[in-house]
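**Q** After the structure tokens below, expect a handful of questions from me.
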Amino acid sequence: MRHHEGGLPDRLARAGVTVREAEVLWAVAERLRNREIAGRLHVSVRTVESHIAALLRKLDAPDRAALAETGARLRRSARAGSALPAPLTNLVGRAEETSELLALLGSHRLVTLIGPGGVGKTRLALHVAESTGAESTEGTALADRFPGGVRMADLAPVEPESVGDTFARALGVVPEPGWPLRDIMREVAAVSGCLLLADNCEHVVVEAAEIVADLLGAGGALRVLATSREPLGIPGEVAYQVPALPLPAPDASERAESIAHYDAVRLFVDRAAAASPGFALTDAVAPAVAALCRRLDGLPLAIELAASRLRTFGPVELVEHLDRRFELLSAGARTAPPRHRALRSTIDWSYRLLDDGERALFERLGVFPADFDLAAIESACGGEDLGGEGVITLLPRLVDKSLVSTAGRGTGRYRLLETIRAYAAQRLAGSGGEPATRGRHAAHYLAFAEQAAERLRTSEQRAWLDRMTTEQPNLHAALAHAISTGDVESAWRMIAALQRFWDVTGRRRDAHRWVRQALAVAEPPATPAVVAGLTEACLILDSRDARAAFDLARKAASLAAGLDGLTRARAARAVGTSATWIRPELVAPALREALAGFGDEHPWDSALTMQELAITTADLDRALQWGRDSAAFFRRAGDQICAANALYVMAQRAMSAGVADDEVQEWLGESHALAEAAGSEADMAHAVVGFAQLAWLRGDHDRAAELMTECLPTLRRLGDRRCTGRALHMLGQRAYERQEPARAEELLRASVEAIALAGQSFVLVSAIEALAAVYAAQRRPRSAAVLLGTAHSVREAAGAHMRPRRPPDQELRHALVRVLGAGPFDSAHTRGERLSPAAALRLVPLDEPPLLTP
């Protein structure tokens, strides 16, 4: 069963089932009662009832029993779902290993498959993971051990600094710069109950070990199945040595009947029959087959490569060729482990059997860090020097010879096994052709990225987001090439093209890293492409460092001064957007300059600028009109994500002014529907935050807190600081209303921490003032006075549109003056005025014993 990102099977996605409804469905399948489901998911019983009613309708189930059966059936069939690639060949042998590993996973939380390259660690791990969905001998589903499903973190193409991000995405966590990623992953791991397959850990073993230890340390039902050439070295780890396939003994009979049951021979015969239909194991060829399997040490990859040669050579000839190659290579690499020598010898031998054109294409394929399509091969690897033949002719021959694999049935994509890719890359480097090939690879993916950036503005955006996700390793490799070669213009062009993909898919940590690297290469030149890249980088930096974003926008504006009108307009918009938290007086002039520069010739850019004006215009009526105009354009263009965001902005502006009418409800409902259609989890979560705020404004504080509690884990997982801060602020206020001061203090401090990093003055001021009220209630008046001083500074520094609608709490101020006296209050208040919110949190609560009640 095919899955969508986020783990929803096709049937659920087509039926419009949300991620939260799917979680409820799995719980119903476990026969949990509504109260138990509510406890597991941290929502109210009423919310569970609502989700179940929606599921009954969407899945056309007559009753709860039928719904439970549907959920159980889907879960059994979807255990390996989106996380695991579908094997294209059957697994030969490994029955004993599979049984042992399933038993080990039942009693140990970390099992690591270790062994040399080519021994079949990944293939066996995938088979074990798939087997968790099978029925046990007692008739129960092994999948019940892992209610969270099976998730895979493929580390083969990953650099050490990106290991955490890869694990995060496997768990559905969106990394966000500046946030404690491991803390969030621990929270998710503690409740996920999944089997996590961590594949190809050997080249990042230190980083992988640290993260796996963190995840397992969080408790819960998480199990980890890892593959590596060495153990991870974590306490409690079971290192399972994956053996080579069983071989006929040298002194055993070599009749066909005698050797046919050995797994190494079975694998050779199976793959040989596929490569050369009609091949059969007879007494005449049995000695040669046995010799081949022994010389290849029973390594599955080596055996498969050898079997593919049967189109050209008979088994006896294969043994003759193999003997010569092994003797030559082992003499030059005596310190390498025997199995590694055998594997490399097999690949080298297969390479030497290629003709000139096949060799040239094979070497160039080493430029791809992950799978690729035919268009990319032709762009990066084509040329007149391929022996006079084209890629379309040579590629199928490499596939036939098992040096290139198809990445999935009907996908039109290809890949090299990691060991073979590394070999091809070494050959490419030694040939002298690497710089040219990498240049062509980078040029192809830059063109693809720029095409994709345009399509993300249309109704095709969901399909193009999927394509960019698939191509991410290649896109990042192209960007790395531009940076490493000092091609500053190409680097900034790529950053401009990838910005929205990074933002929508939550890859902001990647984005920050690339922007820093590009800035370190050289001073950006004054060209339209560079200015475009700098303006998009401002959006990337703004969520983490408003000052850095503003400085970059000013640099872009300086470079754009002598360039064309479109480039100047883009720079002006960047200044207007990033000045919000730094120089609010610059916002309106810069955005209006941008809008005039875009005019009617660039409607998408104009609509995006209108959306910024909707956020920053102080006059509510005018702000809402900007929002309506931008939303209308995005709807017409088919840009569902931008349309959803524009509607959410309109609702926020209205609610910040105290408007809580049915029109606001309609805006939020449409925003949620558009976000769901586009598959944007972040925008769906924003809409839920909006519904919570609306409920609070209407006086239903319990419902508001319930909604915020429901969406808070998603907001934290997505790395959305601003909305996380809003949720924590509301929950802190509700705790204070319920006379739970300790809980209120905890929530409000966390709210201030989140919002202070992200920037959002009106929420930040309210959260600081609410925390001050908590300290006052705890009879810590000096701490409260310091916080009121900090809140005052933030309020005064904010633009008019960013200040809270409610004035400062004068009653609280007067109460603190009465308790402390005017002089001590003023001293503490002045001290707080000089502190940033983060510094104020480090200072308070002050070392003051709570005042005793008179």
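Ordered as shown in the structure tokens, chains take letters A, B, and onward, while each chain numbers its residues from 1 and ligands are numbered from 1 in the order shown.
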Show me, as a CSV table (one decimal) with all heavy atoms, in the first residue's frame, the residues that have an atom within 6 Å of stretch 741-747 of chain A when counting only C-alpha atoms, minus same-chain residues fewer than 5 positions from it.
**A**
chain,number,residue,atom,x,y,z
A,728,LEU,N,1.5,28.2,24.4
A,728,LEU,CA,1.9,28.2,25.7
A,728,LEU,C,1.4,29.4,26.5
A,728,LEU,O,1.1,29.2,27.7
A,728,LEU,CB,3.5,28.2,25.8
A,728,LEU,CG,4.1,26.9,25.2
A,728,LEU,CD1,5.6,27.1,25.0
A,728,LEU,CD2,3.9,25.7,26.2
A,732,GLY,N,-0.9,28.9,29.7
A,732,GLY,CA,-0.4,29.5,31.0
A,732,GLY,C,-1.5,30.4,31.6
A,732,GLY,O,-1.7,30.4,32.8
A,735,ALA,N,-4.1,28.2,33.2
A,735,ALA,CA,-3.6,27.6,34.4
A,735,ALA,C,-3.7,28.7,35.5
A,735,ALA,O,-4.0,28.3,36.7
A,735,ALA,CB,-2.1,27.1,34.3
A,736,TYR,N,-3.4,29.9,35.2
A,736,TYR,CA,-3.5,31.0,36.2
A,736,TYR,C,-4.9,31.2,36.6
A,736,TYR,O,-5.2,31.4,37.8
A,736,TYR,CB,-2.9,32.3,35.6
A,736,TYR,CG,-2.9,33.4,36.5
A,736,TYR,CD1,-2.2,33.4,37.7
A,736,TYR,CD2,-3.7,34.6,36.3
A,736,TYR,CE1,-2.1,34.5,38.6
A,736,TYR,CE2,-3.6,35.7,37.1
A,736,TYR,CZ,-2.9,35.6,38.3
A,736,TYR,OH,-2.9,36.7,39.1
**Q** Determine which residues of stretch 165-204 of chain A receive a DSSP assignment of alpha helix (DSSP H), computed from the backbone, and state them as a PyMOL selection string.
**A** chain A and resi 165-170+181-192
**Q** Write out as number ranges by chain the residues lying within 12 Å of A:Ala275, counting only C-alpha atoms and excluding same-chain residues fewer than 6 positions away.
**A** A: 268-269, 304-313, 397, 399-402
**Q** Dump all heavy atoms for the selected residues as a compact mmCIF listing (two decimals), in the first residue's frame?
**A**
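Contents of again.txt, freshly written:
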# COMPACT_ATOMS: atom_id res chain seq x y z
N PHE A 268 22.77 -17.52 -6.27
CA PHE A 268 23.41 -17.45 -7.59
C PHE A 268 22.47 -18.00 -8.67
O PHE A 268 22.30 -17.40 -9.73
CB PHE A 268 24.72 -18.23 -7.58
CG PHE A 268 25.45 -18.18 -8.90
CD1 PHE A 268 26.35 -17.16 -9.17
CD2 PHE A 268 25.22 -19.13 -9.88
CE1 PHE A 268 27.00 -17.09 -10.39
CE2 PHE A 268 25.86 -19.07 -11.12
CZ PHE A 268 26.76 -18.05 -11.36
N VAL A 269 21.87 -19.14 -8.39
CA VAL A 269 20.99 -19.76 -9.38
C VAL A 269 19.78 -18.88 -9.66
O VAL A 269 19.36 -18.71 -10.82
CB VAL A 269 20.56 -21.17 -8.90
CG1 VAL A 269 19.49 -21.75 -9.81
CG2 VAL A 269 21.77 -22.09 -8.82
N GLU A 304 25.53 -11.68 -6.70
CA GLU A 304 24.59 -11.12 -7.67
C GLU A 304 25.32 -10.50 -8.86
O GLU A 304 24.89 -10.65 -10.01
CB GLU A 304 23.70 -10.08 -6.99
CG GLU A 304 22.75 -10.71 -5.96
CD GLU A 304 21.64 -9.75 -5.54
OE1 GLU A 304 21.53 -8.67 -6.15
OE2 GLU A 304 20.88 -10.09 -4.62
N LEU A 305 26.42 -9.82 -8.59
CA LEU A 305 27.19 -9.25 -9.69
C LEU A 305 27.76 -10.34 -10.60
O LEU A 305 27.74 -10.23 -11.83
CB LEU A 305 28.33 -8.38 -9.14
CG LEU A 305 27.92 -7.03 -8.56
CD1 LEU A 305 29.08 -6.41 -7.80
CD2 LEU A 305 27.46 -6.10 -9.66
N ALA A 306 28.26 -11.39 -9.97
CA ALA A 306 28.82 -12.49 -10.77
C ALA A 306 27.73 -13.16 -11.61
O ALA A 306 27.94 -13.47 -12.79
CB ALA A 306 29.48 -13.51 -9.85
N ALA A 307 26.56 -13.36 -11.01
CA ALA A 307 25.48 -14.02 -11.74
C ALA A 307 25.04 -13.21 -12.96
O ALA A 307 24.66 -13.77 -13.99
CB ALA A 307 24.29 -14.26 -10.81
N SER A 308 25.12 -11.89 -12.84
CA SER A 308 24.70 -11.05 -13.96
C SER A 308 25.61 -11.20 -15.18
O SER A 308 25.24 -10.83 -16.29
CB SER A 308 24.65 -9.59 -13.53
OG SER A 308 25.96 -9.08 -13.33
N ARG A 309 26.82 -11.73 -14.97
CA ARG A 309 27.78 -11.88 -16.06
C ARG A 309 27.47 -13.10 -16.94
O ARG A 309 28.14 -13.30 -17.96
CB ARG A 309 29.21 -12.07 -15.49
CG ARG A 309 29.67 -10.93 -14.63
CD ARG A 309 30.31 -9.79 -15.44
NE ARG A 309 29.41 -9.10 -16.33
CZ ARG A 309 28.57 -8.14 -15.94
NH1 ARG A 309 28.51 -7.79 -14.69
NH2 ARG A 309 27.79 -7.55 -16.81
N LEU A 310 26.47 -13.88 -16.56
CA LEU A 310 26.20 -15.10 -17.31
C LEU A 310 25.70 -14.82 -18.73
O LEU A 310 25.64 -15.73 -19.55
CB LEU A 310 25.19 -15.98 -16.57
CG LEU A 310 25.77 -16.81 -15.42
CD1 LEU A 310 24.69 -17.65 -14.78
CD2 LEU A 310 26.91 -17.69 -15.91
N ARG A 311 25.31 -13.59 -19.02
CA ARG A 311 24.95 -13.27 -20.40
C ARG A 311 26.18 -13.35 -21.31
O ARG A 311 26.06 -13.53 -22.51
CB ARG A 311 24.37 -11.86 -20.47
CG ARG A 311 23.03 -11.69 -19.77
CD ARG A 311 22.46 -10.31 -20.11
NE ARG A 311 21.22 -10.06 -19.36
CZ ARG A 311 21.18 -9.50 -18.17
NH1 ARG A 311 22.29 -9.13 -17.58
NH2 ARG A 311 20.03 -9.32 -17.55
N THR A 312 27.36 -13.16 -20.70
CA THR A 312 28.60 -13.08 -21.49
C THR A 312 29.47 -14.32 -21.34
O THR A 312 30.07 -14.79 -22.31
CB THR A 312 29.41 -11.84 -21.07
OG1 THR A 312 28.56 -10.69 -21.15
CG2 THR A 312 30.62 -11.64 -21.98
N PHE A 313 29.57 -14.83 -20.11
CA PHE A 313 30.46 -15.94 -19.83
C PHE A 313 29.71 -17.09 -19.17
O PHE A 313 28.75 -16.88 -18.43
CB PHE A 313 31.59 -15.51 -18.89
CG PHE A 313 32.42 -14.36 -19.40
CD1 PHE A 313 32.27 -13.10 -18.87
CD2 PHE A 313 33.33 -14.55 -20.40
CE1 PHE A 313 33.02 -12.03 -19.33
CE2 PHE A 313 34.10 -13.51 -20.88
CZ PHE A 313 33.94 -12.24 -20.35
N ARG A 397 22.10 -1.26 -20.39
CA ARG A 397 23.14 -2.29 -20.30
C ARG A 397 23.75 -2.30 -18.91
O ARG A 397 24.07 -3.37 -18.37
CB ARG A 397 24.20 -2.04 -21.38
CG ARG A 397 23.59 -2.30 -22.75
CD ARG A 397 24.40 -2.17 -23.97
NE ARG A 397 25.74 -1.71 -23.98
CZ ARG A 397 26.27 -1.01 -24.99
NH1 ARG A 397 25.49 -0.68 -26.03
NH2 ARG A 397 27.52 -0.67 -25.00
N VAL A 399 22.09 -1.43 -16.23
CA VAL A 399 21.04 -2.04 -15.40
C VAL A 399 21.08 -3.55 -15.54
O VAL A 399 21.02 -4.29 -14.55
CB VAL A 399 19.65 -1.48 -15.80
CG1 VAL A 399 18.54 -2.24 -15.06
CG2 VAL A 399 19.56 0.01 -15.50
N ASP A 400 21.22 -4.03 -16.76
CA ASP A 400 21.27 -5.47 -16.99
C ASP A 400 22.45 -6.10 -16.26
O ASP A 400 22.37 -7.26 -15.81
CB ASP A 400 21.40 -5.76 -18.49
CG ASP A 400 20.11 -5.48 -19.24
OD1 ASP A 400 19.06 -5.35 -18.57
OD2 ASP A 400 20.15 -5.37 -20.48
N LYS A 401 23.54 -5.37 -16.13
CA LYS A 401 24.74 -5.92 -15.50
C LYS A 401 24.77 -5.67 -13.99
O LYS A 401 25.80 -5.87 -13.34
CB LYS A 401 25.98 -5.32 -16.16
CG LYS A 401 26.10 -5.76 -17.63
CD LYS A 401 27.22 -5.04 -18.37
CE LYS A 401 27.24 -5.51 -19.83
NZ LYS A 401 28.28 -4.83 -20.63
N SER A 402 23.64 -5.23 -13.43
CA SER A 402 23.45 -5.06 -11.99
C SER A 402 24.36 -4.01 -11.37
O SER A 402 24.57 -4.00 -10.16
CB SER A 402 23.65 -6.41 -11.26
OG SER A 402 22.70 -7.34 -11.67
**Q** Taking 5 positions as the minimum chain separation for residues in the same chain, which residues sit within 6 Å of stretch 97-113 of chain A when counting only C-alpha atoms? Answer as a PyMOL selection string.
**A** chain A and resi 128+223-227+237-241
**Q** Would you save the residues from that selection as a compact mmCIF listing (two decimals), in the first residue's frame, using N, CA, C and O atoms?
**A**
# COMPACT_ATOMS: atom_id res chain seq x y z
N VAL A 128 13.25 -7.93 7.89
CA VAL A 128 12.81 -8.06 9.28
C VAL A 128 11.73 -7.02 9.58
O VAL A 128 10.71 -7.31 10.21
N ARG A 223 11.66 0.92 19.43
CA ARG A 223 12.74 -0.04 19.19
C ARG A 223 13.54 0.47 18.00
O ARG A 223 12.99 1.09 17.09
N VAL A 224 14.85 0.21 18.01
CA VAL A 224 15.72 0.63 16.92
C VAL A 224 16.40 -0.59 16.34
O VAL A 224 16.99 -1.41 17.06
N LEU A 225 16.30 -0.72 15.02
CA LEU A 225 17.01 -1.75 14.27
C LEU A 225 18.00 -1.00 13.38
O LEU A 225 17.58 -0.25 12.49
N ALA A 226 19.31 -1.16 13.64
CA ALA A 226 20.33 -0.40 12.93
C ALA A 226 21.17 -1.32 12.07
O ALA A 226 21.27 -2.52 12.33
N THR A 227 21.79 -0.74 11.02
CA THR A 227 22.79 -1.47 10.24
C THR A 227 24.05 -0.63 10.20
O THR A 227 23.99 0.60 10.04
N GLU A 237 22.92 -2.39 23.73
CA GLU A 237 22.88 -2.75 22.31
C GLU A 237 23.18 -4.23 22.12
O GLU A 237 24.08 -4.78 22.77
N VAL A 238 22.45 -4.86 21.23
CA VAL A 238 22.76 -6.22 20.79
C VAL A 238 23.36 -6.12 19.39
O VAL A 238 22.69 -5.69 18.45
N ALA A 239 24.63 -6.46 19.27
CA ALA A 239 25.31 -6.43 17.97
C ALA A 239 25.16 -7.79 17.31
O ALA A 239 25.70 -8.79 17.80
N TYR A 240 24.43 -7.81 16.23
CA TYR A 240 24.15 -9.07 15.53
C TYR A 240 25.00 -9.14 14.27
O TYR A 240 24.82 -8.37 13.34
N GLN A 241 25.96 -10.05 14.27
CA GLN A 241 26.84 -10.23 13.13
C GLN A 241 26.09 -10.93 12.00
O GLN A 241 25.66 -12.08 12.15
**Q** Measuring atom to atom with only C-alpha atoms, identify which of A:Arg716, A:Ala375, A:Arg344, A:Val774 is nearest to A:Glu737.
**A**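 Checking each of A:Arg716, A:Ala375, A:Arg344, A:Val774 against A:Glu737, counting only C-alpha atoms, the winner is A:Val774.
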**Q** Give me the residues within 8 Å of stretch 644-649 of chain A as a list in words, counting only C-alpha atoms and dropping any in the same chain fewer than 5 places off.
**A**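 Listing them by chain and then by number gives Gln611, Ala614, Ile615, Gly627, Arg628, Ser630, Ala631, Trp667, Leu668, Glu670, Ser671, His672, Leu674, Ala675, Asp683, His686, Ala687 and Gly690 of chain A.
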**Q** Can you tell me how far atom CA of A:Arg440 sits from atom CA of A:Ala380, in Å to one decimal?
**A** 4.7 Å
**Q** Just how far from atom CA of A:Cys711 is atom CA of A:Val688, in Å to one decimal?
**A** 7.0 Å
**Q** For A:Val119, which residue among A:Glu230, A:Glu30, A:Asp297, A:Glu49 is the nearest when counting only C-alpha atoms?
**A** A:Asp297
**Q** Quick one: everything within 7 Å of stretch 531-541 of chain A, counting only C-alpha atoms, minus sequence neighbours fewer than 6 positions away in the same chain. Send it as a list in words.
**A**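 Using only C-alpha atoms, the neighbours found are Trp492, Arg493, Ile495, Ala496, Gln499, Arg508, Ala511, His512, Val515, Ala548, Ala549, Leu552, Ala553, Ala556, Leu559, Ala560, Thr567, Arg570, Ala571, Ala574 and Ser578 of chain A.
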**Q** Pull all heavy atoms from the residues just selected and write them as a compact mmCIF listing (two decimals), in the first residue's frame.
**A**
# COMPACT_ATOMS: atom_id res chain seq x y z
N TRP A 492 23.73 31.71 -4.96
CA TRP A 492 22.59 32.52 -4.55
C TRP A 492 21.36 32.27 -5.41
O TRP A 492 20.23 32.36 -4.93
CB TRP A 492 22.96 34.00 -4.57
CG TRP A 492 23.88 34.34 -3.44
CD1 TRP A 492 25.20 34.66 -3.50
CD2 TRP A 492 23.54 34.34 -2.05
NE1 TRP A 492 25.72 34.87 -2.24
CE2 TRP A 492 24.70 34.69 -1.32
CE3 TRP A 492 22.38 34.11 -1.34
CZ2 TRP A 492 24.74 34.79 0.06
CZ3 TRP A 492 22.39 34.20 0.05
CH2 TRP A 492 23.56 34.55 0.73
N ARG A 493 21.56 31.91 -6.67
CA ARG A 493 20.42 31.50 -7.50
C ARG A 493 19.76 30.25 -6.91
O ARG A 493 18.52 30.16 -6.84
CB ARG A 493 20.87 31.22 -8.93
CG ARG A 493 21.12 32.46 -9.78
CD ARG A 493 21.69 32.09 -11.13
NE ARG A 493 20.78 31.24 -11.91
CZ ARG A 493 21.12 30.61 -13.03
NH1 ARG A 493 22.37 30.72 -13.50
NH2 ARG A 493 20.23 29.89 -13.68
N ILE A 495 19.89 29.21 -3.77
CA ILE A 495 19.24 29.55 -2.50
C ILE A 495 17.89 30.22 -2.76
O ILE A 495 16.89 29.92 -2.10
CB ILE A 495 20.17 30.45 -1.66
CG1 ILE A 495 21.33 29.62 -1.11
CG2 ILE A 495 19.41 31.13 -0.52
CD1 ILE A 495 22.41 30.43 -0.44
N ALA A 496 17.85 31.12 -3.75
CA ALA A 496 16.58 31.77 -4.08
C ALA A 496 15.55 30.74 -4.54
O ALA A 496 14.37 30.82 -4.17
CB ALA A 496 16.80 32.81 -5.18
N GLN A 499 14.34 28.45 -1.40
CA GLN A 499 13.85 29.03 -0.15
C GLN A 499 12.45 28.56 0.22
O GLN A 499 12.18 28.15 1.35
CB GLN A 499 13.86 30.56 -0.25
CG GLN A 499 13.41 31.27 1.03
CD GLN A 499 11.90 31.44 1.13
OE1 GLN A 499 11.22 31.63 0.10
NE2 GLN A 499 11.36 31.34 2.33
N ARG A 508 14.33 24.38 7.62
CA ARG A 508 14.97 25.66 7.90
C ARG A 508 16.39 25.50 8.45
O ARG A 508 17.23 26.35 8.26
CB ARG A 508 14.10 26.47 8.87
CG ARG A 508 12.83 27.00 8.20
CD ARG A 508 11.94 27.72 9.17
NE ARG A 508 11.27 26.81 10.09
CZ ARG A 508 10.12 26.20 9.83
NH1 ARG A 508 9.53 26.39 8.67
NH2 ARG A 508 9.57 25.39 10.70
N ALA A 511 18.50 25.30 5.55
CA ALA A 511 18.57 26.60 4.90
C ALA A 511 19.56 27.53 5.60
O ALA A 511 20.38 28.19 4.96
CB ALA A 511 17.18 27.23 4.89
N HIS A 512 19.51 27.58 6.92
CA HIS A 512 20.44 28.43 7.66
C HIS A 512 21.89 28.03 7.37
O HIS A 512 22.76 28.89 7.18
CB HIS A 512 20.17 28.30 9.16
CG HIS A 512 19.05 29.16 9.64
ND1 HIS A 512 19.23 30.31 10.36
CD2 HIS A 512 17.71 29.05 9.47
CE1 HIS A 512 18.08 30.87 10.64
NE2 HIS A 512 17.12 30.11 10.11
N VAL A 515 22.91 29.23 3.84
CA VAL A 515 23.07 30.68 3.76
C VAL A 515 24.39 31.09 4.40
O VAL A 515 25.14 31.92 3.84
CB VAL A 515 21.88 31.39 4.44
CG1 VAL A 515 22.16 32.89 4.59
CG2 VAL A 515 20.61 31.19 3.63
N ALA A 548 20.01 39.81 11.86
CA ALA A 548 20.78 39.32 10.71
C ALA A 548 19.97 39.43 9.43
O ALA A 548 20.49 39.79 8.37
CB ALA A 548 21.22 37.88 10.94
N ALA A 549 18.66 39.15 9.51
CA ALA A 549 17.80 39.25 8.33
C ALA A 549 17.72 40.70 7.85
O ALA A 549 17.79 40.97 6.64
CB ALA A 549 16.41 38.72 8.65
N LEU A 552 20.95 41.76 6.18
CA LEU A 552 21.07 41.18 4.86
C LEU A 552 20.16 41.90 3.86
O LEU A 552 20.53 42.11 2.69
CB LEU A 552 20.72 39.69 4.91
CG LEU A 552 21.33 38.78 3.83
CD1 LEU A 552 22.84 38.84 3.87
CD2 LEU A 552 20.85 37.35 4.04
N ALA A 553 18.97 42.28 4.31
CA ALA A 553 18.05 43.02 3.44
C ALA A 553 18.65 44.37 3.05
O ALA A 553 18.53 44.81 1.90
CB ALA A 553 16.71 43.22 4.14
N ALA A 556 21.13 43.75 0.42
CA ALA A 556 20.46 43.51 -0.87
C ALA A 556 20.01 44.82 -1.49
O ALA A 556 20.14 45.04 -2.70
CB ALA A 556 19.27 42.57 -0.67
N LEU A 559 22.99 46.65 -3.00
CA LEU A 559 23.44 46.05 -4.25
C LEU A 559 22.44 46.32 -5.39
O LEU A 559 22.83 46.43 -6.55
CB LEU A 559 23.62 44.54 -4.08
CG LEU A 559 24.73 44.08 -3.13
CD1 LEU A 559 24.69 42.57 -2.96
CD2 LEU A 559 26.10 44.52 -3.65
N ALA A 560 21.15 46.43 -5.05
CA ALA A 560 20.10 46.58 -6.06
C ALA A 560 19.97 48.01 -6.56
O ALA A 560 19.27 48.25 -7.56
CB ALA A 560 18.76 46.11 -5.51
N THR A 567 14.38 43.99 -9.49
CA THR A 567 15.36 43.66 -8.46
C THR A 567 15.27 44.64 -7.30
O THR A 567 15.32 44.24 -6.13
CB THR A 567 16.77 43.68 -9.07
OG1 THR A 567 16.83 42.71 -10.13
CG2 THR A 567 17.82 43.33 -8.02
N ARG A 570 12.22 43.77 -5.18
CA ARG A 570 12.44 42.60 -4.31
C ARG A 570 13.25 42.98 -3.08
O ARG A 570 12.97 42.53 -1.96
CB ARG A 570 13.15 41.50 -5.10
CG ARG A 570 12.25 40.77 -6.08
CD ARG A 570 13.02 39.81 -6.95
NE ARG A 570 12.13 38.98 -7.74
CZ ARG A 570 12.50 38.25 -8.78
NH1 ARG A 570 13.78 38.24 -9.17
NH2 ARG A 570 11.62 37.52 -9.45
N ALA A 571 14.27 43.80 -3.28
CA ALA A 571 15.07 44.24 -2.14
C ALA A 571 14.24 45.08 -1.19
O ALA A 571 14.37 44.96 0.04
CB ALA A 571 16.29 45.01 -2.64
N ALA A 574 12.14 42.90 0.95
CA ALA A 574 12.94 42.25 2.00
C ALA A 574 13.18 43.21 3.16
O ALA A 574 13.12 42.82 4.33
CB ALA A 574 14.27 41.78 1.41
N SER A 578 11.73 42.41 6.91
CA SER A 578 12.66 42.16 8.01
C SER A 578 12.75 43.31 9.00
O SER A 578 13.23 43.12 10.13
CB SER A 578 14.06 41.87 7.44
OG SER A 578 14.52 42.98 6.68
**Q** Just checking: using only C-alpha atoms, which residue out of A:Arg738, A:Pro248, A:Val794, A:His127 ends up closest to A:Trp581?
**A** A:Val794
**Q** Compile the contact shell of A:Leu386 as a PDB file with N, CA, C and O atoms, in the first residue's frame: residues with an atom at most 7 Å away, counting only C-alpha atoms, same-chain residues fewer than 4 positions apart removed.
**A**
ATOM      1  N   GLY A 357      32.336   2.961 -23.551  1.00  0.00           N
ATOM      2  CA  GLY A 357      31.174   3.812 -23.313  1.00  0.00           C
ATOM      3  C   GLY A 357      30.495   3.480 -22.000  1.00  0.00           C
ATOM      4  O   GLY A 357      30.089   4.378 -21.252  1.00  0.00           O
ATOM      5  N   ALA A 360      32.609   4.855 -19.117  1.00  0.00           N
ATOM      6  CA  ALA A 360      32.517   6.307 -18.981  1.00  0.00           C
ATOM      7  C   ALA A 360      31.201   6.707 -18.308  1.00  0.00           C
ATOM      8  O   ALA A 360      31.176   7.553 -17.401  1.00  0.00           O
ATOM      9  N   LEU A 361      30.098   6.105 -18.718  1.00  0.00           N
ATOM     10  CA  LEU A 361      28.813   6.435 -18.116  1.00  0.00           C
ATOM     11  C   LEU A 361      28.775   5.977 -16.659  1.00  0.00           C
ATOM     12  O   LEU A 361      28.324   6.722 -15.774  1.00  0.00           O
ATOM     13  N   GLY A 390      24.617   6.755 -27.032  1.00  0.00           N
ATOM     14  CA  GLY A 390      23.923   7.664 -26.141  1.00  0.00           C
ATOM     15  C   GLY A 390      23.577   7.018 -24.812  1.00  0.00           C
ATOM     16  O   GLY A 390      23.617   5.785 -24.656  1.00  0.00           O
TER      17      GLY A 390
END
**Q** What does the distance from atom CA of A:Leu247 to atom CA of A:Trp349 come to in Å, to one decimal?
**A**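 Result for atom CA of A:Leu247 versus atom CA of A:Trp349: 21.7 Å, one decimal.
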**Q** Select, from A:His51, A:Arg717, A:Arg507, A:Arg413, the residue with the minimum atom-to-atom distance to A:Glu187, counting only C-alpha atoms.
**A**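 The shortest atom-to-atom distance to A:Glu187 comes from A:Arg717.
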